[in-house]
Amino acid sequence: MLFQNLLIDYKERIQYIIVNRESKLNALNKDTLDELHSALSDAFSNPKIGGIIITGAGQKAFVAGADISEFKDTGAEGGGGIARQGQTLVFDLIENGNKPVIAAINGFALGGGLELAMACHIRVASENAKMGLPEVTLGLIPGYGGTQRLTALVGKGKAMEMIMTADMITAADALQYGLVNHVVSQEQLLGKAEELLNKILLRAPLAIASAIKAVNAAVKDGVNGFETEIEEFSKCFTTKDLQEGIAAFLEKRKPAFKGE
């Protein structure tokens, strides 16, 4: 599948999705969001793909926000539609995906760019990365899940501060706040993301999918996360992967999981 605003690359079982609007600092416009939806949907349904790394083209920006020009002359109903469609088609799709998604934050991750990174399951940042939610400087608030996911990751107080001041933070600060999992040099960024993903790909894929669902339930209103955990734990007992995992443990060998 050919895209105008994305580059797709493969490295064994890893699919790279690279936002490729470098002249616009990889800002998210409607067409890019539509392409992300298609690329992600294909990756989640492709049995040859084990996991996904999302990053930005160039060395300046992961994604430096939404394309603000598309917001001009938009009323309340249109604004709500933009937020709802973006969250449903891309951000919630990533968070609830059945395969691990890692954000490799290679520069500015602002507004919708930080929201994209926060929707991913793990975040690795380069030392030069800067992150923030500057929407209130435009008279907006984050609309792609940023108020919710930032609060879940860094806590209410720090989320309030970041959103209301609109200040950017450094990668080092993001690591201290728990917003990112690792900070490395820009040269090491993709290698670190691949290292993490390749380690995950050694594990049982159906169990990974269940773990994603159970962990997500911990921060969802109206969902009993403990009950979700029990349900997903129970489902694991129906898989051939569990039989293989137990056999490998007893036989003191590495398991060969097949996602069955």
# chains A, B, ... in the order shown; residues from 1 in each chain; ligands from 1
>>> select_by_dssp(residues="stretch 122-172 of chain A", states="alpha helix (DSSP H)", output="MDAnalysis selection string")
chainID A and resid 146:154 156:165 171:172
>>> residues_around(residues="stretch 119-129 of chain A", least_positions_apart="4", cutoff="6 Å", atoms="only C-alpha atoms", output="list of chain:residue names")
A:Phe91, A:Glu95, A:Val101, A:Ile102, A:Ala103, A:Ala104, A:Ile105, A:Asn106, A:Gly107, A:Phe108, A:Ala171, A:Val180, A:Asn181, A:His182, A:Val183, A:Val184, A:Ser185, A:Gln186, A:Leu189
>>> write_last_selection(atoms="all heavy atoms", output="CSV table (one decimal), in the first residue's frame")
chain,number,residue,atom,x,y,z
A,91,PHE,N,-5.8,7.0,17.7
A,91,PHE,CA,-5.2,7.0,19.1
A,91,PHE,C,-5.8,5.8,19.9
A,91,PHE,O,-5.0,5.1,20.5
A,91,PHE,CB,-5.4,8.3,19.8
A,91,PHE,CG,-4.8,9.5,19.0
A,91,PHE,CD1,-5.4,10.1,18.0
A,91,PHE,CD2,-3.5,9.9,19.3
A,91,PHE,CE1,-4.8,11.1,17.3
A,91,PHE,CE2,-2.9,10.9,18.6
A,91,PHE,CZ,-3.5,11.5,17.6
A,95,GLU,N,-3.8,2.3,21.2
A,95,GLU,CA,-3.9,1.9,22.6
A,95,GLU,C,-4.5,0.5,22.8
A,95,GLU,O,-4.0,-0.3,23.7
A,95,GLU,CB,-4.6,2.9,23.5
A,95,GLU,CG,-4.7,2.6,25.0
A,95,GLU,CD,-5.4,3.7,25.8
A,95,GLU,OE1,-6.6,3.9,25.6
A,95,GLU,OE2,-4.7,4.4,26.6
A,101,VAL,N,3.1,-1.5,20.4
A,101,VAL,CA,3.4,-0.4,19.6
A,101,VAL,C,4.4,0.5,20.4
A,101,VAL,O,4.0,0.9,21.5
A,101,VAL,CB,2.2,0.5,19.2
A,101,VAL,CG1,2.6,1.6,18.2
A,101,VAL,CG2,1.2,-0.4,18.5
A,102,ILE,N,5.5,0.8,19.8
A,102,ILE,CA,6.5,1.6,20.5
A,102,ILE,C,6.7,2.9,19.8
A,102,ILE,O,6.9,2.9,18.6
A,102,ILE,CB,7.9,0.9,20.6
A,102,ILE,CG1,7.8,-0.4,21.5
A,102,ILE,CG2,9.0,1.8,21.2
A,102,ILE,CD1,9.0,-1.2,21.7
A,103,ALA,N,6.7,4.0,20.5
A,103,ALA,CA,7.0,5.3,19.9
A,103,ALA,C,8.4,5.6,20.1
A,103,ALA,O,9.0,5.6,21.2
A,103,ALA,CB,6.1,6.4,20.6
A,104,ALA,N,9.1,5.9,19.0
A,104,ALA,CA,10.5,6.3,19.0
A,104,ALA,C,10.5,7.8,18.8
A,104,ALA,O,10.4,8.3,17.6
A,104,ALA,CB,11.3,5.6,17.9
A,105,ILE,N,10.6,8.6,19.8
A,105,ILE,CA,10.4,10.0,19.8
A,105,ILE,C,11.8,10.7,19.5
A,105,ILE,O,12.7,10.8,20.3
A,105,ILE,CB,9.9,10.5,21.1
A,105,ILE,CG1,8.6,9.8,21.5
A,105,ILE,CG2,9.6,12.0,21.1
A,105,ILE,CD1,8.1,10.1,22.9
A,106,ASN,N,11.9,11.1,18.2
A,106,ASN,CA,13.2,11.6,17.7
A,106,ASN,C,13.4,13.1,17.6
A,106,ASN,O,14.2,13.6,16.9
A,106,ASN,CB,13.4,11.0,16.3
A,106,ASN,CG,12.3,11.3,15.3
A,106,ASN,OD1,11.1,11.1,15.7
A,106,ASN,ND2,12.6,11.8,14.1
A,107,GLY,N,12.5,13.8,18.3
A,107,GLY,CA,12.6,15.3,18.3
A,107,GLY,C,11.4,15.9,19.0
A,107,GLY,O,10.9,15.3,20.0
A,108,PHE,N,10.8,16.9,18.4
A,108,PHE,CA,9.6,17.6,19.0
A,108,PHE,C,8.4,16.6,19.0
A,108,PHE,O,8.1,16.0,17.9
A,108,PHE,CB,9.3,18.8,18.2
A,108,PHE,CG,10.3,20.0,18.5
A,108,PHE,CD1,11.1,20.4,17.4
A,108,PHE,CD2,10.3,20.6,19.7
A,108,PHE,CE1,12.0,21.4,17.6
A,108,PHE,CE2,11.2,21.6,19.9
A,108,PHE,CZ,12.1,22.0,18.9
A,171,ALA,N,13.6,15.6,27.4
A,171,ALA,CA,13.5,14.2,27.5
A,171,ALA,C,13.9,13.7,28.9
A,171,ALA,O,13.3,12.8,29.4
A,171,ALA,CB,14.4,13.5,26.5
A,180,VAL,N,8.1,8.9,29.6
A,180,VAL,CA,8.8,8.0,28.6
A,180,VAL,C,9.5,6.9,29.4
A,180,VAL,O,9.8,7.1,30.6
A,180,VAL,CB,9.8,8.8,27.7
A,180,VAL,CG1,9.1,9.8,26.9
A,180,VAL,CG2,11.0,9.3,28.6
A,181,ASN,N,9.8,5.8,28.8
A,181,ASN,CA,10.4,4.7,29.4
A,181,ASN,C,11.9,4.7,29.4
A,181,ASN,O,12.6,4.3,30.3
A,181,ASN,CB,9.9,3.4,28.8
A,181,ASN,CG,8.4,3.2,28.8
A,181,ASN,OD1,7.7,3.8,28.1
A,181,ASN,ND2,8.0,2.2,29.6
A,182,HIS,N,12.5,5.3,28.3
A,182,HIS,CA,13.9,5.3,28.2
A,182,HIS,C,14.3,6.6,27.4
A,182,HIS,O,13.6,7.0,26.6
A,182,HIS,CB,14.4,4.1,27.4
A,182,HIS,CG,14.1,2.8,28.0
A,182,HIS,ND1,14.9,2.2,29.0
A,182,HIS,CD2,13.0,1.9,27.8
A,182,HIS,CE1,14.3,1.0,29.4
A,182,HIS,NE2,13.2,0.9,28.7
A,183,VAL,N,15.5,7.1,27.7
A,183,VAL,CA,16.1,8.2,26.9
A,183,VAL,C,17.5,7.7,26.5
A,183,VAL,O,18.3,7.3,27.3
A,183,VAL,CB,16.2,9.4,27.8
A,183,VAL,CG1,17.0,10.5,27.0
A,183,VAL,CG2,14.8,9.9,28.2
A,184,VAL,N,17.8,7.9,25.2
A,184,VAL,CA,19.1,7.5,24.6
A,184,VAL,C,19.5,8.5,23.6
A,184,VAL,O,18.7,9.5,23.3
A,184,VAL,CB,19.0,6.1,23.9
A,184,VAL,CG1,18.6,5.0,24.9
A,184,VAL,CG2,17.9,6.1,22.8
A,185,SER,N,20.7,8.4,23.1
A,185,SER,CA,21.1,9.3,22.1
A,185,SER,C,20.3,9.1,20.8
A,185,SER,O,19.7,8.1,20.6
A,185,SER,CB,22.6,9.1,21.8
A,185,SER,OG,22.8,7.9,21.1
A,186,GLN,N,20.3,10.1,20.0
A,186,GLN,CA,19.5,10.0,18.7
A,186,GLN,C,20.0,8.8,17.9
A,186,GLN,O,19.3,8.1,17.2
A,186,GLN,CB,19.6,11.3,17.9
A,186,GLN,CG,18.6,11.3,16.8
A,186,GLN,CD,18.1,12.7,16.4
A,186,GLN,OE1,19.0,13.5,16.2
A,186,GLN,NE2,16.9,12.9,16.3
A,189,LEU,N,18.5,5.6,19.2
A,189,LEU,CA,17.1,5.6,19.4
A,189,LEU,C,16.4,4.4,18.8
A,189,LEU,O,15.7,3.6,19.5
A,189,LEU,CB,16.4,6.9,18.9
A,189,LEU,CG,14.9,7.0,19.0
A,189,LEU,CD1,14.5,7.0,20.5
A,189,LEU,CD2,14.4,8.2,18.3
>>> closest_residue(among="A:Ala207, A:Ile52, A:Ala76, A:Leu36", to="A:Thr88", atoms="only C-alpha atoms")
A:Leu36
>>> residues_around(residues="A:Phe62", least_positions_apart="5", cutoff="10 Å", atoms="only C-alpha atoms", output="compact mmCIF listing (two decimals) with all heavy atoms, in the first residue's frame")
# COMPACT_ATOMS: atom_id res chain seq x y z
N ILE A 18 6.57 5.53 9.62
CA ILE A 18 7.31 6.79 9.73
C ILE A 18 6.44 7.92 9.18
O ILE A 18 6.07 7.91 8.00
CB ILE A 18 8.63 6.72 8.95
CG1 ILE A 18 9.48 5.53 9.45
CG2 ILE A 18 9.42 8.02 9.08
CD1 ILE A 18 10.54 5.09 8.48
N VAL A 19 6.10 8.87 10.05
CA VAL A 19 5.33 10.03 9.59
C VAL A 19 6.26 10.90 8.76
O VAL A 19 7.29 11.38 9.25
CB VAL A 19 4.75 10.82 10.78
CG1 VAL A 19 3.93 12.00 10.28
CG2 VAL A 19 3.88 9.91 11.65
N ASN A 20 5.91 11.08 7.49
CA ASN A 20 6.85 11.64 6.52
C ASN A 20 6.35 12.97 5.96
O ASN A 20 6.03 13.11 4.78
CB ASN A 20 7.06 10.63 5.39
CG ASN A 20 8.14 11.05 4.42
OD1 ASN A 20 9.13 11.67 4.82
ND2 ASN A 20 7.96 10.75 3.15
N GLU A 22 8.29 15.98 6.68
CA GLU A 22 9.42 16.64 7.35
C GLU A 22 9.37 18.15 7.22
O GLU A 22 9.72 18.88 8.16
CB GLU A 22 10.73 16.08 6.80
CG GLU A 22 11.94 16.48 7.61
CD GLU A 22 13.22 15.78 7.16
OE1 GLU A 22 13.14 14.89 6.29
OE2 GLU A 22 14.29 16.16 7.67
N LEU A 25 7.34 19.53 9.87
CA LEU A 25 7.70 18.92 11.15
C LEU A 25 6.77 17.76 11.48
O LEU A 25 6.45 17.50 12.64
CB LEU A 25 7.71 19.96 12.27
CG LEU A 25 8.77 21.07 12.15
CD1 LEU A 25 8.64 22.05 13.30
CD2 LEU A 25 10.17 20.48 12.09
N ASN A 26 6.35 17.05 10.43
CA ASN A 26 5.54 15.83 10.54
C ASN A 26 4.19 16.07 11.22
O ASN A 26 3.64 15.16 11.85
CB ASN A 26 6.33 14.73 11.26
CG ASN A 26 7.63 14.41 10.57
OD1 ASN A 26 7.71 14.40 9.34
ND2 ASN A 26 8.68 14.18 11.34
N ALA A 27 3.66 17.27 11.06
CA ALA A 27 2.36 17.59 11.67
C ALA A 27 1.27 16.67 11.14
O ALA A 27 1.28 16.24 9.98
CB ALA A 27 2.01 19.05 11.41
N ILE A 54 6.63 3.46 15.73
CA ILE A 54 6.21 4.70 15.08
C ILE A 54 7.25 5.77 15.36
O ILE A 54 7.68 5.96 16.51
CB ILE A 54 4.84 5.17 15.60
CG1 ILE A 54 3.75 4.12 15.29
CG2 ILE A 54 4.45 6.51 14.97
CD1 ILE A 54 2.38 4.49 15.82
N THR A 55 7.68 6.46 14.32
CA THR A 55 8.64 7.55 14.49
C THR A 55 8.38 8.61 13.43
O THR A 55 7.46 8.48 12.61
CB THR A 55 10.09 7.03 14.43
OG1 THR A 55 10.99 8.04 14.88
CG2 THR A 55 10.47 6.58 13.02
N GLY A 56 9.17 9.68 13.45
CA GLY A 56 9.00 10.76 12.49
C GLY A 56 10.19 10.84 11.55
O GLY A 56 11.31 10.45 11.90
N ALA A 57 9.96 11.36 10.35
CA ALA A 57 11.03 11.53 9.39
C ALA A 57 11.97 12.65 9.83
O ALA A 57 11.54 13.65 10.42
CB ALA A 57 10.45 11.84 8.01
N ALA A 103 6.68 4.04 20.49
CA ALA A 103 6.96 5.35 19.91
C ALA A 103 8.45 5.63 20.07
O ALA A 103 8.97 5.60 21.19
CB ALA A 103 6.14 6.43 20.59
N ALA A 104 9.13 5.90 18.96
CA ALA A 104 10.53 6.32 18.99
C ALA A 104 10.54 7.83 18.75
O ALA A 104 10.45 8.30 17.62
CB ALA A 104 11.33 5.59 17.92
N ILE A 105 10.63 8.59 19.83
CA ILE A 105 10.44 10.04 19.80
C ILE A 105 11.78 10.69 19.46
O ILE A 105 12.66 10.81 20.31
CB ILE A 105 9.90 10.55 21.15
CG1 ILE A 105 8.61 9.80 21.51
CG2 ILE A 105 9.63 12.05 21.08
CD1 ILE A 105 8.11 10.07 22.92
N ASN A 106 11.92 11.12 18.21
CA ASN A 106 13.21 11.57 17.68
C ASN A 106 13.36 13.08 17.62
O ASN A 106 14.24 13.58 16.93
CB ASN A 106 13.41 10.98 16.28
CG ASN A 106 12.27 11.32 15.33
OD1 ASN A 106 11.11 11.15 15.68
ND2 ASN A 106 12.58 11.80 14.15
N GLY A 107 12.53 13.82 18.32
CA GLY A 107 12.61 15.28 18.30
C GLY A 107 11.37 15.86 18.96
O GLY A 107 10.89 15.31 19.97
N PHE A 108 10.83 16.93 18.41
CA PHE A 108 9.65 17.56 19.00
C PHE A 108 8.44 16.61 18.96
O PHE A 108 8.11 16.05 17.92
CB PHE A 108 9.29 18.84 18.25
CG PHE A 108 10.25 19.96 18.46
CD1 PHE A 108 11.10 20.38 17.44
CD2 PHE A 108 10.32 20.60 19.69
CE1 PHE A 108 12.00 21.42 17.64
CE2 PHE A 108 11.22 21.64 19.90
CZ PHE A 108 12.06 22.05 18.87
N ALA A 109 7.80 16.45 20.10
CA ALA A 109 6.53 15.73 20.20
C ALA A 109 5.58 16.66 20.94
O ALA A 109 5.56 16.70 22.18
CB ALA A 109 6.69 14.41 20.95
N LEU A 110 4.84 17.43 20.18
CA LEU A 110 4.01 18.48 20.74
C LEU A 110 2.55 18.26 20.34
O LEU A 110 2.26 17.78 19.25
CB LEU A 110 4.47 19.85 20.24
CG LEU A 110 5.94 20.19 20.48
CD1 LEU A 110 6.30 21.51 19.83
CD2 LEU A 110 6.26 20.22 21.97
N GLY A 113 1.23 15.29 18.48
CA GLY A 113 2.39 14.40 18.41
C GLY A 113 2.65 13.71 19.73
O GLY A 113 2.93 12.50 19.78
N LEU A 114 2.58 14.46 20.83
CA LEU A 114 2.73 13.84 22.14
C LEU A 114 1.55 12.91 22.42
O LEU A 114 1.72 11.83 23.01
CB LEU A 114 2.85 14.90 23.23
CG LEU A 114 3.06 14.37 24.65
CD1 LEU A 114 4.26 13.43 24.74
CD2 LEU A 114 3.20 15.51 25.65
N LEU A 116 -0.03 11.19 20.20
CA LEU A 116 0.26 9.98 19.45
C LEU A 116 1.24 9.10 20.21
O LEU A 116 1.05 7.88 20.33
CB LEU A 116 0.84 10.35 18.08
CG LEU A 116 1.22 9.19 17.16
CD1 LEU A 116 0.01 8.36 16.78
CD2 LEU A 116 1.93 9.72 15.90
N ALA A 117 2.29 9.70 20.74
CA ALA A 117 3.27 8.93 21.51
C ALA A 117 2.64 8.31 22.75
O ALA A 117 2.93 7.16 23.11
CB ALA A 117 4.45 9.83 21.89
N ALA A 125 12.71 7.95 23.93
CA ALA A 125 12.99 9.30 23.43
C ALA A 125 14.48 9.50 23.22
O ALA A 125 15.31 8.96 23.96
CB ALA A 125 12.46 10.35 24.40
N ALA A 129 14.92 15.29 22.36
CA ALA A 129 13.46 15.40 22.24
C ALA A 129 12.91 16.45 23.21
O ALA A 129 13.40 16.61 24.33
CB ALA A 129 12.81 14.05 22.50
N LYS A 130 11.89 17.14 22.74
CA LYS A 130 11.14 18.08 23.59
C LYS A 130 9.67 17.73 23.47
O LYS A 130 9.17 17.47 22.38
CB LYS A 130 11.36 19.53 23.13
CG LYS A 130 12.80 20.02 23.23
CD LYS A 130 13.20 20.26 24.67
CE LYS A 130 14.62 20.82 24.76
NZ LYS A 130 14.77 22.14 24.13
N MET A 131 8.97 17.75 24.61
CA MET A 131 7.58 17.31 24.65
C MET A 131 6.71 18.34 25.34
O MET A 131 7.15 19.01 26.27
CB MET A 131 7.48 15.96 25.37
CG MET A 131 7.98 14.79 24.54
SD MET A 131 8.47 13.35 25.54
CE MET A 131 10.25 13.60 25.58
>>> residues_around(residues="stretch 4-16 of chain A", least_positions_apart="6", cutoff="7 Å", atoms="only C-alpha atoms", output="PyMOL selection string")
chain A and resi 32+48-54
>>> write_last_selection(atoms="N, CA and C atoms", output="mmCIF file, in the first residue's frame")
data_model
loop_
_atom_site.group_PDB
_atom_site.id
_atom_site.type_symbol
_atom_site.label_atom_id
_atom_site.label_comp_id
_atom_site.auth_asym_id
_atom_site.auth_seq_id
_atom_site.Cartn_x
_atom_site.Cartn_y
_atom_site.Cartn_z
ATOM 1 N N THR A 32 -3.075 12.442 6.894
ATOM 2 C CA THR A 32 -2.094 11.631 7.619
ATOM 3 C C THR A 32 -2.768 10.732 8.637
ATOM 4 N N LYS A 48 2.166 -11.720 9.911
ATOM 5 C CA LYS A 48 3.620 -11.668 9.768
ATOM 6 C C LYS A 48 4.245 -10.547 10.587
ATOM 7 N N ILE A 49 3.403 -9.606 11.046
ATOM 8 C CA ILE A 49 3.886 -8.466 11.832
ATOM 9 C C ILE A 49 3.701 -8.771 13.310
ATOM 10 N N GLY A 50 4.796 -8.660 14.076
ATOM 11 C CA GLY A 50 4.717 -8.909 15.510
ATOM 12 C C GLY A 50 4.540 -7.651 16.328
ATOM 13 N N GLY A 51 5.047 -6.528 15.844
ATOM 14 C CA GLY A 51 4.952 -5.279 16.577
ATOM 15 C C GLY A 51 5.295 -4.108 15.682
ATOM 16 N N ILE A 52 5.063 -2.894 16.175
ATOM 17 C CA ILE A 52 5.155 -1.683 15.367
ATOM 18 C C ILE A 52 6.010 -0.651 16.097
ATOM 19 N N ILE A 53 6.849 0.052 15.333
ATOM 20 C CA ILE A 53 7.567 1.224 15.831
ATOM 21 C C ILE A 53 7.096 2.428 15.026
ATOM 22 N N ILE A 54 6.629 3.456 15.726
ATOM 23 C CA ILE A 54 6.212 4.699 15.083
ATOM 24 C C ILE A 54 7.252 5.771 15.361
#
